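Here's structure13.txt, which has compact mmCIF, C-alpha atoms and all ligand atoms:
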```
# COMPACT_ATOMS: atom_id res chain seq x y z
CA MET A 1 26.10 21.04 -17.09
CA LYS A 2 28.67 18.95 -15.25
CA ILE A 3 26.12 18.20 -12.55
CA LEU A 4 23.50 17.26 -15.09
CA LEU A 5 25.92 14.87 -16.83
CA LEU A 6 26.83 13.29 -13.54
CA LEU A 7 23.16 12.80 -12.71
CA VAL A 8 22.53 11.23 -16.09
CA VAL A 9 25.39 8.80 -15.56
CA LEU A 10 24.13 7.95 -12.09
CA GLY A 11 20.56 7.62 -13.29
CA LEU A 12 21.41 5.31 -16.15
CA SER A 13 23.84 3.17 -14.23
CA ARG A 14 21.30 2.70 -11.48
CA GLY A 15 18.67 1.64 -13.94
CA SER A 16 20.63 -0.60 -16.24
CA PHE A 17 23.28 -2.55 -14.39
CA GLY A 18 20.81 -4.31 -12.14
CA GLU A 19 22.87 -3.95 -9.00
CA LYS A 20 21.11 -3.43 -5.73
CA ILE A 21 21.14 0.17 -4.60
CA ARG A 22 22.50 0.39 -1.08
CA PHE A 23 21.32 2.78 1.60
CA ASP A 24 24.35 2.74 3.87
CA ASN A 25 24.21 5.54 6.40
CA HIS A 26 20.85 6.78 5.15
CA THR A 27 19.19 8.00 8.32
CA LEU A 28 15.53 7.92 9.25
CA TYR A 29 14.30 10.89 11.26
CA ARG A 30 10.99 11.88 12.74
CA PHE A 31 10.22 15.49 13.45
CA VAL A 32 7.26 17.80 13.84
CA PRO A 33 7.13 20.91 11.64
CA LYS A 34 5.84 23.80 13.72
CA ASN A 35 5.46 26.52 11.14
CA GLN A 36 3.87 26.77 7.72
CA GLU A 37 7.13 27.82 6.02
CA LEU A 38 8.75 24.52 6.89
CA VAL A 39 5.61 22.62 5.89
CA ASP A 40 5.68 24.38 2.52
CA SER A 41 9.39 23.64 2.00
CA LEU A 42 8.81 19.98 2.77
CA ILE A 43 5.81 19.77 0.45
CA GLY A 44 7.98 21.36 -2.24
CA LEU A 45 10.76 18.83 -1.62
CA GLU A 46 8.31 15.96 -1.88
CA ALA A 47 6.57 17.22 -5.01
CA SER A 48 9.79 18.06 -6.85
CA GLY A 49 11.51 14.75 -6.28
CA TYR A 50 14.66 16.58 -5.15
CA PRO A 51 17.29 13.91 -4.51
CA GLY A 52 18.51 12.79 -1.12
CA TYR A 53 15.15 12.79 0.63
CA ASN A 54 12.69 9.92 0.81
CA PHE A 55 9.39 10.67 2.52
CA PHE A 56 8.41 7.65 4.58
CA SER A 57 5.34 9.49 5.73
CA PRO A 58 3.64 12.33 3.92
CA VAL A 59 3.79 15.92 5.01
CA ARG A 60 0.37 16.53 6.53
CA GLY A 61 0.74 19.98 7.96
CA GLN A 62 1.87 21.80 11.08
CA ASN A 63 2.20 19.73 14.25
CA THR A 64 1.92 16.37 12.49
CA PRO A 65 5.08 14.25 12.50
CA VAL A 66 7.02 13.57 9.33
CA ASN A 67 9.20 10.48 8.87
CA LEU A 68 11.99 11.29 6.47
CA LEU A 69 14.93 9.26 5.22
CA VAL A 70 17.96 11.46 4.56
CA ALA A 71 20.92 10.46 2.40
CA PRO A 72 24.32 11.00 4.05
CA ASP A 73 25.35 13.63 1.50
CA HIS A 74 22.26 15.69 2.35
CA LEU A 75 22.58 15.40 6.10
CA ASP A 76 24.23 18.80 6.60
CA GLU A 77 21.61 20.46 4.44
CA PHE A 78 18.85 18.72 6.39
CA LYS A 79 20.29 19.73 9.74
CA ALA A 80 20.58 23.32 8.55
CA LEU A 81 16.92 23.29 7.52
CA LEU A 82 15.92 22.01 10.95
CA GLU A 83 18.08 24.58 12.71
CA LEU A 84 16.67 27.40 10.62
CA ASN A 85 13.17 26.35 11.69
CA LYS A 86 14.16 25.56 15.29
CA VAL A 87 12.98 21.97 15.04
CA GLN A 88 14.40 19.01 16.92
CA ALA A 89 14.43 15.73 15.05
CA GLU A 90 14.26 12.32 16.66
CA LEU A 91 16.66 9.79 15.15
CA LEU A 92 14.65 6.64 14.43
CA VAL A 93 17.12 4.52 12.43
CA PRO A 94 20.78 5.55 12.11
CA ASP A 95 21.49 3.27 9.14
CA ILE A 96 18.51 2.01 7.16
CA GLN A 97 20.64 -0.48 5.22
CA LYS A 98 20.90 -2.54 8.41
CA LEU A 99 17.09 -2.85 8.49
CA ILE A 100 17.02 -3.81 4.83
CA ASP A 101 19.62 -6.49 5.50
CA ASN A 102 17.67 -7.90 8.44
CA GLU A 103 14.05 -7.78 7.32
CA GLY A 104 14.00 -10.81 5.03
CA PHE A 105 15.93 -13.16 7.30
CA ARG A 106 14.66 -16.68 6.65
CA PRO A 107 15.25 -18.68 9.83
CA ASP A 108 13.38 -21.83 8.89
CA SER A 109 11.87 -21.27 5.46
CA LEU A 110 12.84 -23.54 2.63
CA ALA A 111 13.70 -21.98 -0.69
CA GLY A 112 10.83 -22.48 -3.09
CA SER A 113 8.23 -23.14 -0.40
CA PHE A 114 5.62 -20.59 0.57
CA ASP A 115 4.94 -19.36 4.05
CA TRP A 116 4.50 -16.22 6.12
CA ARG A 117 7.83 -16.30 7.93
CA THR A 118 9.54 -14.37 5.18
CA TYR A 119 8.82 -11.98 2.32
CA HIS A 120 8.48 -13.54 -1.11
CA THR A 121 9.33 -12.55 -4.66
CA LEU A 122 6.69 -12.03 -7.35
CA ASP A 123 7.52 -15.42 -8.89
CA GLU A 124 7.08 -17.16 -5.54
CA ILE A 125 3.76 -15.41 -4.94
CA TYR A 126 2.50 -16.23 -8.42
CA SER A 127 3.46 -19.88 -8.28
CA TRP A 128 1.72 -20.17 -4.91
CA LEU A 129 -1.43 -18.57 -6.37
CA ARG A 130 -1.33 -21.01 -9.28
CA SER A 131 -0.93 -23.95 -6.92
CA LEU A 132 -4.15 -22.96 -5.14
CA SER A 133 -6.29 -23.67 -8.17
CA ASP A 134 -4.90 -27.24 -8.12
CA VAL A 135 -5.50 -27.68 -4.39
CA TYR A 136 -8.96 -26.04 -4.40
CA PRO A 137 -10.19 -26.55 -7.97
CA ASP A 138 -13.84 -26.03 -6.98
CA HIS A 139 -13.31 -22.74 -5.18
CA VAL A 140 -10.27 -20.99 -6.62
CA THR A 141 -9.81 -19.55 -10.09
CA ILE A 142 -6.68 -17.71 -11.18
CA VAL A 143 -7.64 -14.37 -12.67
CA ASN A 144 -5.45 -12.23 -14.88
CA GLY A 145 -6.19 -8.56 -14.35
CA GLY A 146 -4.06 -7.42 -17.25
CA GLN A 147 -0.49 -6.43 -17.88
CA SER A 148 2.05 -4.02 -16.53
CA PHE A 149 4.30 -1.71 -18.55
CA GLU A 150 7.08 -4.31 -18.60
CA GLY A 151 4.63 -6.96 -19.74
CA ARG A 152 4.07 -8.81 -16.48
CA ASP A 153 0.70 -10.34 -15.75
CA ILE A 154 -1.23 -8.94 -12.82
CA LEU A 155 -2.47 -12.13 -11.23
CA GLY A 156 -5.10 -12.56 -8.59
CA VAL A 157 -7.43 -15.23 -7.32
CA LYS A 158 -11.19 -15.47 -7.38
CA ILE A 159 -12.50 -17.42 -4.42
CA SER A 160 -16.10 -18.49 -4.79
CA TYR A 161 -18.10 -21.17 -2.99
CA THR A 162 -21.43 -20.67 -4.76
CA PRO A 163 -22.53 -18.87 -7.91
CA ASN A 164 -25.12 -16.97 -5.85
CA ASN A 165 -22.51 -14.76 -4.22
CA HIS A 166 -21.57 -12.60 -7.16
CA ARG A 167 -23.65 -9.66 -5.96
CA HIS A 168 -21.59 -9.74 -2.78
CA THR A 169 -18.12 -9.34 -4.18
CA ILE A 170 -15.21 -8.24 -2.02
CA PHE A 171 -12.23 -6.89 -3.94
CA ILE A 172 -8.82 -6.62 -2.28
CA GLU A 173 -5.74 -5.01 -3.82
CA ALA A 174 -2.31 -4.80 -2.22
CA ASN A 175 1.19 -3.61 -3.03
CA ILE A 176 0.16 -0.89 -5.49
CA HIS A 177 3.10 0.88 -3.84
CA ALA A 178 6.07 -1.35 -4.54
CA ARG A 179 8.00 -1.03 -1.28
CA GLU A 180 5.04 -1.88 0.96
CA TRP A 181 5.93 -5.58 1.12
CA ILE A 182 3.87 -6.35 4.22
CA THR A 183 0.73 -5.66 2.15
CA SER A 184 1.15 -8.53 -0.33
CA ALA A 185 2.23 -10.77 2.53
CA VAL A 186 -1.03 -9.94 4.32
CA ALA A 187 -3.08 -10.35 1.13
CA THR A 188 -1.74 -13.89 0.62
CA PHE A 189 -2.28 -14.53 4.34
CA ILE A 190 -5.95 -13.55 3.92
CA ILE A 191 -6.29 -15.88 0.92
CA ASN A 192 -4.87 -18.70 3.00
CA GLN A 193 -7.24 -17.96 5.87
CA LEU A 194 -10.27 -17.86 3.60
CA LEU A 195 -9.38 -21.24 2.14
CA GLY A 196 -8.00 -23.06 5.13
CA ASN A 197 -9.20 -21.64 8.44
CA THR A 198 -12.06 -23.63 10.02
CA ASP A 199 -13.15 -20.87 12.40
CA PRO A 200 -16.93 -20.48 11.82
CA GLU A 201 -16.79 -16.70 11.36
CA ILE A 202 -14.05 -17.00 8.75
CA ARG A 203 -15.90 -19.86 7.02
CA TYR A 204 -19.05 -17.74 6.88
CA LEU A 205 -17.15 -14.84 5.37
CA ALA A 206 -15.28 -17.00 2.89
CA GLU A 207 -18.32 -18.88 1.70
CA ASN A 208 -20.88 -16.09 1.55
CA TYR A 209 -18.96 -13.62 -0.57
CA ASP A 210 -17.10 -13.81 -3.86
CA TRP A 211 -13.52 -12.66 -3.38
CA TYR A 212 -11.13 -11.12 -5.86
CA ILE A 213 -7.72 -10.71 -4.29
CA PHE A 214 -4.73 -9.23 -6.15
CA PRO A 215 -1.66 -9.38 -3.89
CA VAL A 216 0.56 -7.29 -6.19
CA PHE A 217 -1.16 -4.48 -8.13
CA ASN A 218 2.17 -3.04 -9.31
CA PRO A 219 4.30 -6.02 -10.35
CA ASP A 220 7.03 -4.04 -12.16
CA GLY A 221 7.67 -1.82 -9.16
CA PHE A 222 7.51 -4.79 -6.81
CA VAL A 223 10.12 -6.74 -8.79
CA TYR A 224 12.32 -3.64 -8.94
CA SER A 225 12.03 -3.26 -5.16
CA HIS A 226 13.37 -6.80 -4.86
CA THR A 227 16.12 -6.65 -7.47
CA THR A 228 17.38 -3.08 -7.31
CA ASN A 229 15.85 -0.49 -5.00
CA ARG A 230 14.16 -1.70 -1.82
CA LEU A 231 12.53 1.69 -1.32
CA TRP A 232 10.95 1.99 -4.78
CA ARG A 233 7.31 3.14 -4.70
CA LYS A 234 6.13 3.82 -8.25
CA THR A 235 5.62 2.02 -11.56
CA ARG A 236 8.51 1.53 -14.01
CA GLN A 237 7.38 3.45 -17.08
CA PRO A 238 10.12 5.97 -17.94
CA TYR A 239 9.12 9.64 -18.09
CA SER A 240 12.32 11.57 -18.48
CA ILE A 241 16.00 10.86 -18.88
CA LEU A 242 16.38 10.85 -15.14
CA CYS A 243 13.11 9.70 -13.76
CA VAL A 244 11.08 6.58 -14.02
CA GLY A 245 7.59 5.77 -12.94
CA ALA A 246 4.35 7.35 -11.83
CA ASP A 247 2.63 6.86 -8.50
CA PRO A 248 -0.04 4.32 -9.42
CA ASN A 249 -2.17 5.46 -6.52
CA ARG A 250 -2.35 9.01 -7.90
CA ASN A 251 -3.21 7.83 -11.40
CA TRP A 252 -6.93 6.95 -11.24
CA PRO A 253 -9.46 9.08 -13.07
CA TYR A 254 -11.49 10.56 -10.24
CA GLN A 255 -10.46 14.05 -9.06
CA TRP A 256 -7.09 13.34 -10.71
CA MET A 257 -4.39 15.94 -9.85
CA GLN A 258 -6.70 17.82 -7.50
CA GLY A 259 -4.14 17.91 -4.67
CA GLY A 260 -1.56 15.76 -2.92
CA ALA A 261 -0.05 14.67 -6.21
CA SER A 262 2.79 16.04 -8.31
CA SER A 263 3.22 16.86 -12.00
CA PHE A 264 7.02 16.34 -11.78
CA PRO A 265 8.13 12.91 -13.02
CA CYS A 266 10.96 12.74 -10.47
CA SER A 267 8.57 12.96 -7.54
CA ASP A 268 7.46 9.87 -5.68
CA ILE A 269 3.90 11.20 -5.92
CA TYR A 270 3.97 11.92 -9.68
CA ALA A 271 0.41 11.46 -10.91
CA GLY A 272 1.46 10.49 -14.45
CA PRO A 273 0.87 12.58 -17.58
CA SER A 274 -2.82 11.66 -17.66
CA PRO A 275 -5.24 9.46 -15.72
CA LEU A 276 -4.61 5.75 -16.29
CA SER A 277 -1.34 6.50 -18.09
CA GLU A 278 0.14 3.42 -16.42
CA PRO A 279 -0.65 0.11 -18.15
CA SER A 280 -1.17 -1.54 -14.76
CA THR A 281 -3.81 0.95 -13.58
CA LEU A 282 -5.47 0.99 -17.01
CA SER A 283 -5.79 -2.77 -17.16
CA MET A 284 -6.92 -3.08 -13.54
CA SER A 285 -9.53 -0.36 -14.09
CA ASN A 286 -10.85 -2.38 -17.04
CA PHE A 287 -10.95 -5.46 -14.88
CA ILE A 288 -12.81 -3.60 -12.15
CA ASN A 289 -15.24 -2.27 -14.78
CA SER A 290 -16.01 -5.87 -15.72
CA LEU A 291 -17.23 -6.46 -12.15
CA GLY A 292 -18.87 -3.07 -11.80
CA TYR A 293 -21.78 -2.87 -9.38
CA GLN A 294 -21.17 -6.42 -8.15
CA ILE A 295 -18.46 -4.95 -5.95
CA GLU A 296 -19.90 -4.60 -2.49
CA ALA A 297 -16.58 -3.92 -0.82
CA TYR A 298 -13.23 -2.57 -1.96
CA LEU A 299 -10.23 -2.86 0.33
CA SER A 300 -6.96 -1.24 -0.68
CA ILE A 301 -4.02 -2.35 1.46
CA HIS A 302 -1.05 -0.05 2.09
CA SER A 303 1.55 0.41 4.76
CA PHE A 304 2.46 1.97 7.12
CA SER A 305 0.76 4.11 9.83
CA GLN A 306 -1.92 1.89 11.41
CA MET A 307 -4.90 3.61 9.92
CA LEU A 308 -8.20 2.63 8.44
CA LEU A 309 -9.09 5.31 5.92
CA LEU A 310 -12.46 6.19 4.43
CA PRO A 311 -13.17 7.95 1.16
CA TYR A 312 -12.39 10.51 -0.03
CA GLY A 313 -8.85 11.77 -0.40
CA TYR A 314 -9.74 15.01 -2.19
CA THR A 315 -12.00 16.49 0.46
CA THR A 316 -12.45 16.47 4.20
CA ASP A 317 -16.23 16.51 3.68
CA HIS A 318 -18.06 13.49 5.02
CA LEU A 319 -19.65 12.17 1.84
CA ASP A 320 -21.81 9.20 0.87
CA ASN A 321 -22.18 6.73 3.75
CA TYR A 322 -19.35 8.23 5.80
CA GLU A 323 -21.16 7.96 9.14
CA GLU A 324 -21.83 4.28 8.73
CA MET A 325 -18.32 3.54 7.46
CA LYS A 326 -16.89 5.43 10.40
CA ILE A 327 -18.89 3.40 12.93
CA ILE A 328 -18.04 0.10 11.25
CA GLY A 329 -14.39 1.16 10.97
CA GLU A 330 -14.15 2.10 14.65
CA GLN A 331 -15.55 -1.27 15.66
CA ALA A 332 -13.12 -3.01 13.28
CA ALA A 333 -10.18 -1.08 14.74
CA TYR A 334 -11.28 -2.08 18.23
CA ASP A 335 -11.60 -5.73 17.21
CA LEU A 336 -8.19 -5.55 15.54
CA SER A 337 -6.63 -4.20 18.75
CA ARG A 338 -7.99 -7.03 20.88
CA ARG A 339 -5.42 -9.55 19.64
CA TYR A 340 -2.15 -7.68 20.26
CA GLY A 341 -3.15 -4.18 21.30
CA THR A 342 -2.26 -2.64 17.95
CA GLN A 343 -3.91 0.79 17.77
CA TYR A 344 -5.46 2.07 14.55
CA VAL A 345 -6.80 5.51 13.75
CA VAL A 346 -10.02 5.60 11.69
CA GLY A 347 -11.17 8.46 9.49
CA ASN A 348 -11.59 10.18 6.16
CA THR A 349 -8.35 10.01 4.11
CA ALA A 350 -8.00 13.76 3.62
CA GLU A 351 -8.65 14.48 7.31
CA THR A 352 -6.64 11.66 8.83
CA ILE A 353 -3.61 11.50 6.60
CA TYR A 354 -3.53 14.20 3.93
CA ILE A 355 -5.20 15.37 0.74
CA ALA A 356 -4.38 12.79 -1.91
CA THR A 357 -6.14 12.46 -5.23
CA GLY A 358 -6.23 9.89 -7.98
CA GLY A 359 -6.31 6.92 -5.58
CA SER A 360 -7.88 3.63 -6.61
CA MET A 361 -10.32 3.45 -3.69
CA ASP A 362 -11.78 6.89 -4.45
CA TRP A 363 -12.35 5.99 -8.09
CA VAL A 364 -14.01 2.65 -7.35
CA LYS A 365 -16.13 4.13 -4.57
CA HIS A 366 -17.34 6.95 -6.77
CA GLU A 367 -17.70 4.98 -10.01
CA TYR A 368 -19.68 2.07 -8.57
CA GLU A 369 -21.12 3.53 -5.35
CA VAL A 370 -19.37 0.78 -3.47
CA PRO A 371 -20.95 0.54 -0.02
CA VAL A 372 -17.84 -0.65 1.84
CA ALA A 373 -14.56 1.03 0.89
CA TYR A 374 -11.51 1.25 3.10
CA THR A 375 -7.81 1.83 2.69
CA TYR A 376 -5.67 0.06 5.24
CA GLU A 377 -2.35 1.44 6.35
CA LEU A 378 -0.89 -1.59 8.12
CA ARG A 379 1.83 -1.75 10.79
CA ASP A 380 3.80 -0.03 12.07
CA THR A 381 3.82 3.67 13.02
CA GLY A 382 7.33 4.29 11.70
CA GLU A 383 9.81 2.40 13.84
CA PHE A 384 10.51 0.02 10.93
CA GLY A 385 8.19 1.67 8.41
CA PHE A 386 8.33 -0.12 5.07
CA LEU A 387 10.96 -2.51 6.43
CA LEU A 388 8.71 -4.34 8.86
CA PRO A 389 10.58 -7.45 10.03
CA ALA A 390 9.26 -10.69 8.58
CA GLU A 391 8.44 -12.03 12.05
CA GLN A 392 5.59 -9.47 12.15
CA ILE A 393 3.87 -10.85 9.02
CA ILE A 394 1.76 -13.45 10.83
CA PRO A 395 0.67 -11.18 13.70
CA THR A 396 -0.18 -8.43 11.20
CA GLY A 397 -2.12 -10.93 9.09
CA LEU A 398 -4.06 -12.26 12.08
CA GLU A 399 -5.09 -8.87 13.42
CA THR A 400 -6.01 -7.65 9.93
CA MET A 401 -8.17 -10.73 9.42
CA ASP A 402 -9.91 -9.94 12.73
CA SER A 403 -10.77 -6.49 11.42
CA ILE A 404 -12.12 -7.84 8.13
CA VAL A 405 -14.38 -10.29 9.97
CA SER A 406 -15.56 -7.37 12.08
CA ILE A 407 -16.29 -5.10 9.11
CA PHE A 408 -18.64 -7.58 7.46
CA LYS A 409 -20.26 -8.65 10.70
CA SER A 410 -21.17 -5.01 11.37
CA TYR A 411 -22.16 -4.43 7.77
CA GLU A 412 -24.57 -7.37 7.78
CA ILE A 413 -26.14 -6.22 11.04
CA LEU A 414 -26.89 -2.88 9.38
CA HIS A 415 -27.83 -4.47 6.04
CA PRO A 416 -29.25 -7.95 6.60
CA ARG A 417 -29.04 -10.27 3.64
CA GLY A 418 -32.46 -10.33 2.00
CA ASN A 419 -32.04 -13.62 0.18
C1 LIG A 501 28.98 5.07 7.27
O1 LIG A 501 29.42 5.95 8.29
C2 LIG A 501 30.47 5.43 9.05
C3 LIG A 501 30.73 6.39 10.20
O2 LIG A 501 30.84 7.70 9.73
C4 LIG A 501 31.71 5.25 8.14
O3 LIG A 501 32.78 4.73 8.86
C5 LIG A 501 31.32 4.31 7.01
O4 LIG A 501 32.39 4.20 6.09
C6 LIG A 501 30.08 4.78 6.28
N1 LIG A 501 29.67 3.75 5.35
C7 LIG A 501 29.54 3.96 4.03
C8 LIG A 501 29.24 2.78 3.18
O5 LIG A 501 29.67 5.04 3.52
ZN ZN A 502 0.96 3.06 -0.12
```
Could you show the structure in this file as structure tokens?
Amino acid sequence: MKILLLLVVLGLSRGSFGEKIRFDNHTLYRFVPKNQELVDSLIGLEASGYPGYNFFSPVRGQNTPVNLLVAPDHLDEFKALLELNKVQAELLVPDIQKLIDNEGFRPDSLAGSFDWRTYHTLDEIYSWLRSLSDVYPDHVTIVNGGQSFEGRDILGVKISYTPNNHRHTIFIEANIHAREWITSAVATFIINQLLGNTDPEIRYLAENYDWYIFPVFNPDGFVYSHTTNRLWRKTRQPYSILCVGADPNRNWPYQWMQGGASSFPCSDIYAGPSPLSEPSTLSMSNFINSLGYQIEAYLSIHSFSQMLLLPYGYTTDHLDNYEEMKIIGEQAAYDLSRRYGTQYVVGNTAETIYIATGGSMDWVKHEYEVPVAYTYELRDTGEFGFLLPAEQIIPTGLETMDSIVSIFKSYEILHPRGN
């Protein structure tokens, strides 16, 4: 009872006083579970939302590394668990708060201006999006995808150079997971490239497709990750006295709760009480329905791990046009690597990363038989994880753009435009 009361006090104070949660002496480890018992314990920890542990990478199984942030008051417990299972852990970051303090350093950015030398708030991103429709009135329309639980608009842009392109619509969503800041930075970078880069391949891509790009699919979580908890992942709809939010990428109505998701509200992978329980996923699903079969490509941008993932997350079977997507993806990963040597792994989600169900890409792919569907896991492989330093935004944006050019070049070779 005492413990429960203490937790309630902590939970409420964290939520309501608006102070930034600090992660002093929270330590990031990487280790490789070698036996199924440890794998099962870790999966249990992740699904229960037990405090003190923050999974920076999912538990995939034996012999696949796990990146885990451990709170200082759980360090002894963690070390005992490792010892019991005879596992050595590699210390990646001794004090994650130092990374949080350093990531957003603004050497030469001006407050209120927009660039890719720093990470931006939701307000800054939205005012930049709005400014685009003034600068490019013929090609950019602001689109409102709906509202979040806390009543924020989910804003995106439609980029269109001719009305004939609507059957070739590319949809990009980013930052559905709040803490993955590099993803909205890359989404805005892509918008800027499509509008401003004179490279012929980028011009072709920009002007021969309709683009819908939503840099922040989970605005409530994103704002909370700026104001209060840098490592927040979920939405902000409360589910119990202690726990807030569902994982909006476990909340979509295809194969919902069929694995890799949790029914415990405290877990970071809580699927929600029902599919589309989150106002943000419900309204974005309605928006996607309004485009329907026009969607030729759906790109969902996450971080981190350097992977290009193909549907589906519920099965390791190679379904639909897997073979083609795999070939196009491998070429895209190669073209991405040519700029800075960044190495990506390409494969089916369930095989490459882990079983995960209720993701947006799977639903869109299945619902509208979308020919091109990929989930990006951007830089890095865990050294900085979600706290990728701002100086890596531009390189990450450039290499990602290379891969997008590559995907559609390959796709059009295999499926020449008939018109
Ligand atoms: C972090 O750990 C160091 C070394 O044990 C200690 O001196 C320091 O007070 C700790 N910081 C916080 C905020 O707990
Ligand atoms: Zn993610």
Selected residue, from A:Val223, A:Ala246, A:Leu378, A:Leu299, that lies nearest to ligand ZN 502 (chain A) when counting only C-alpha atoms and all ligand atoms: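 Of A:Val223, A:Ala246, A:Leu378, A:Leu299, the one nearest ligand ZN 502 (chain A) is A:Leu378, counting only C-alpha atoms and all ligand atoms.
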Skip Asp317 (chain A) itself and residues of its chain fewer than 5 positions away, then list as an mmCIF file with C-alpha atoms, in the coordinates of the input all residues within 12 Å of it, counting all atoms listed in the file.
```cif
data_model
loop_
_atom_site.group_PDB
_atom_site.id
_atom_site.type_symbol
_atom_site.label_atom_id
_atom_site.label_comp_id
_atom_site.auth_asym_id
_atom_site.auth_seq_id
_atom_site.Cartn_x
_atom_site.Cartn_y
_atom_site.Cartn_z
ATOM 1 C CA LEU A 310 -12.460 6.190 4.430
ATOM 2 C CA PRO A 311 -13.170 7.950 1.160
ATOM 3 C CA TYR A 312 -12.390 10.510 -0.030
ATOM 4 C CA TYR A 322 -19.350 8.230 5.800
ATOM 5 C CA GLU A 323 -21.160 7.960 9.140
ATOM 6 C CA GLY A 347 -11.170 8.460 9.490
ATOM 7 C CA ASN A 348 -11.590 10.180 6.160
ATOM 8 C CA THR A 349 -8.350 10.010 4.110
ATOM 9 C CA ALA A 350 -8.000 13.760 3.620
ATOM 10 C CA GLU A 351 -8.650 14.480 7.310
ATOM 11 C CA THR A 352 -6.640 11.660 8.830
ATOM 12 C CA ILE A 355 -5.200 15.370 0.740
#
```
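Proximity to Glu377 (chain A) was assessed for A:Ser240, A:Thr183, A:Gln306, A:Ser57 counting all atoms listed in the file; the smallest distance is recorded for A:Gln306.
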Selection within 8 Å of ligand LIG 501 (chain A) by all atoms listed in the file, output as a list in words: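 Result of the 8 Å neighbour search around ligand LIG 501 (chain A): Asp24, Asn25 and Asp95 of chain A.
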Write out as a short mmCIF file (atom, residue, chain, number, x, y, z; two decimals) with C-alpha atoms, in the frame of the given file each polymer residue whose atoms come within 7 Å of Ser184 (chain A), counting all atoms listed in the file; drop sequence neighbours fewer than 2 positions from it.
```cif
data_model
loop_
_atom_site.label_atom_id
_atom_site.label_comp_id
_atom_site.auth_asym_id
_atom_site.auth_seq_id
_atom_site.Cartn_x
_atom_site.Cartn_y
_atom_site.Cartn_z
CA ALA A 174 -2.31 -4.80 -2.22
CA ASN A 175 1.19 -3.61 -3.03
CA TRP A 181 5.93 -5.58 1.12
CA ILE A 182 3.87 -6.35 4.22
CA VAL A 186 -1.03 -9.94 4.32
CA ALA A 187 -3.08 -10.35 1.13
CA THR A 188 -1.74 -13.89 0.62
CA PRO A 215 -1.66 -9.38 -3.89
CA VAL A 216 0.56 -7.29 -6.19
#
```
Give the residue list for ligand ZN 502 (chain A) at 8 Å, counting only C-alpha atoms and all ligand atoms, as a PyMOL selection string, sorted by chain and then by residue number. chain A and resi 175-177+180+233+249+301-304+377
Using CA of Tyr50 (chain A) and CA of Phe78 (chain A) as the two end points, give the distance in Å to one decimal.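 Computing the Euclidean distance for CA of Tyr50 (chain A) and CA of Phe78 (chain A) yields 12.5 Å.
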In Å, how far is it from CA of Tyr239 (chain A) to CA of Ser48 (chain A)? 14.1 Å
Which is closer to Ala178 (chain A) than all the others in A:Glu367, A:Asp247, A:Glu391, A:Glu399, using all atoms listed in the file?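 So, comparing all the options, the nearest one is A:Asp247.
If you measure from each of A:Gly196, A:Pro72, A:Pro219, A:Gly292 to Gln147 (chain A) using all atoms listed in the file, the closest one turns out to be A:Pro219.
Minimum atom-to-atom distance to Leu205 (chain A), evaluated using only C-alpha atoms, belongs to A:Ile170 out of A:Ile170, A:Leu231, A:Leu242, A:Met361.
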Per residue of region 329-397 of chain A within 9 Å of region 409-418 of chain A, record the nearest atom pair and its distance in Å to one decimal, counting all atoms listed in the file, with rows in chain order and ascending residue number, as JSON lines.
```
{"residue": "A:Gln331", "atom": "CA", "partner": "A:Ser410", "partner_atom": "CA", "distance": 8.0}
{"residue": "A:Ala332", "atom": "CA", "partner": "A:Ser410", "partner_atom": "CA", "distance": 8.5}
{"residue": "A:Val372", "atom": "CA", "partner": "A:Tyr411", "partner_atom": "CA", "distance": 8.3}
```
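When all atoms listed in the file are used to compute distances to Pro273 (chain A), the closest of the residues A:Ile190, A:His139, A:Arg250, A:Ile96 turns out to be A:Arg250.
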Report as a tab-separated table (two decimals) with C-alpha atoms, in the coordinates of the input all protein, DNA and RNA residues lying within 12 Å of Leu291 (chain A), evaluated on all atoms listed in the file, omitting residues in the same chain fewer than 2 positions from it.
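And here's result.tsv as it stands now:
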```tsv
chain	number	residue	atom	x	y	z
A	145	GLY	CA	-6.19	-8.56	-14.35
A	158	LYS	CA	-11.19	-15.47	-7.38
A	166	HIS	CA	-21.57	-12.60	-7.16
A	167	ARG	CA	-23.65	-9.66	-5.96
A	168	HIS	CA	-21.59	-9.74	-2.78
A	169	THR	CA	-18.12	-9.34	-4.18
A	170	ILE	CA	-15.21	-8.24	-2.02
A	171	PHE	CA	-12.23	-6.89	-3.94
A	210	ASP	CA	-17.10	-13.81	-3.86
A	211	TRP	CA	-13.52	-12.66	-3.38
A	212	TYR	CA	-11.13	-11.12	-5.86
A	284	MET	CA	-6.92	-3.08	-13.54
A	285	SER	CA	-9.53	-0.36	-14.09
A	286	ASN	CA	-10.85	-2.38	-17.04
A	287	PHE	CA	-10.95	-5.46	-14.88
A	288	ILE	CA	-12.81	-3.60	-12.15
A	289	ASN	CA	-15.24	-2.27	-14.78
A	293	TYR	CA	-21.78	-2.87	-9.38
A	294	GLN	CA	-21.17	-6.42	-8.15
A	295	ILE	CA	-18.46	-4.95	-5.95
A	296	GLU	CA	-19.90	-4.60	-2.49
A	297	ALA	CA	-16.58	-3.92	-0.82
A	298	TYR	CA	-13.23	-2.57	-1.96
A	364	VAL	CA	-14.01	2.65	-7.35
A	367	GLU	CA	-17.70	4.98	-10.01
A	368	TYR	CA	-19.68	2.07	-8.57
A	370	VAL	CA	-19.37	0.78	-3.47
```
Give me, as a list of chain:residue names, all polymer residues having an atom no more than 8 Å from Gly382 (chain A), counting all atoms listed in the file and skipping those fewer than 6 positions away in the same chain.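 The filter keeps A:Phe56, A:Asn67, A:Phe304, A:Ser305.
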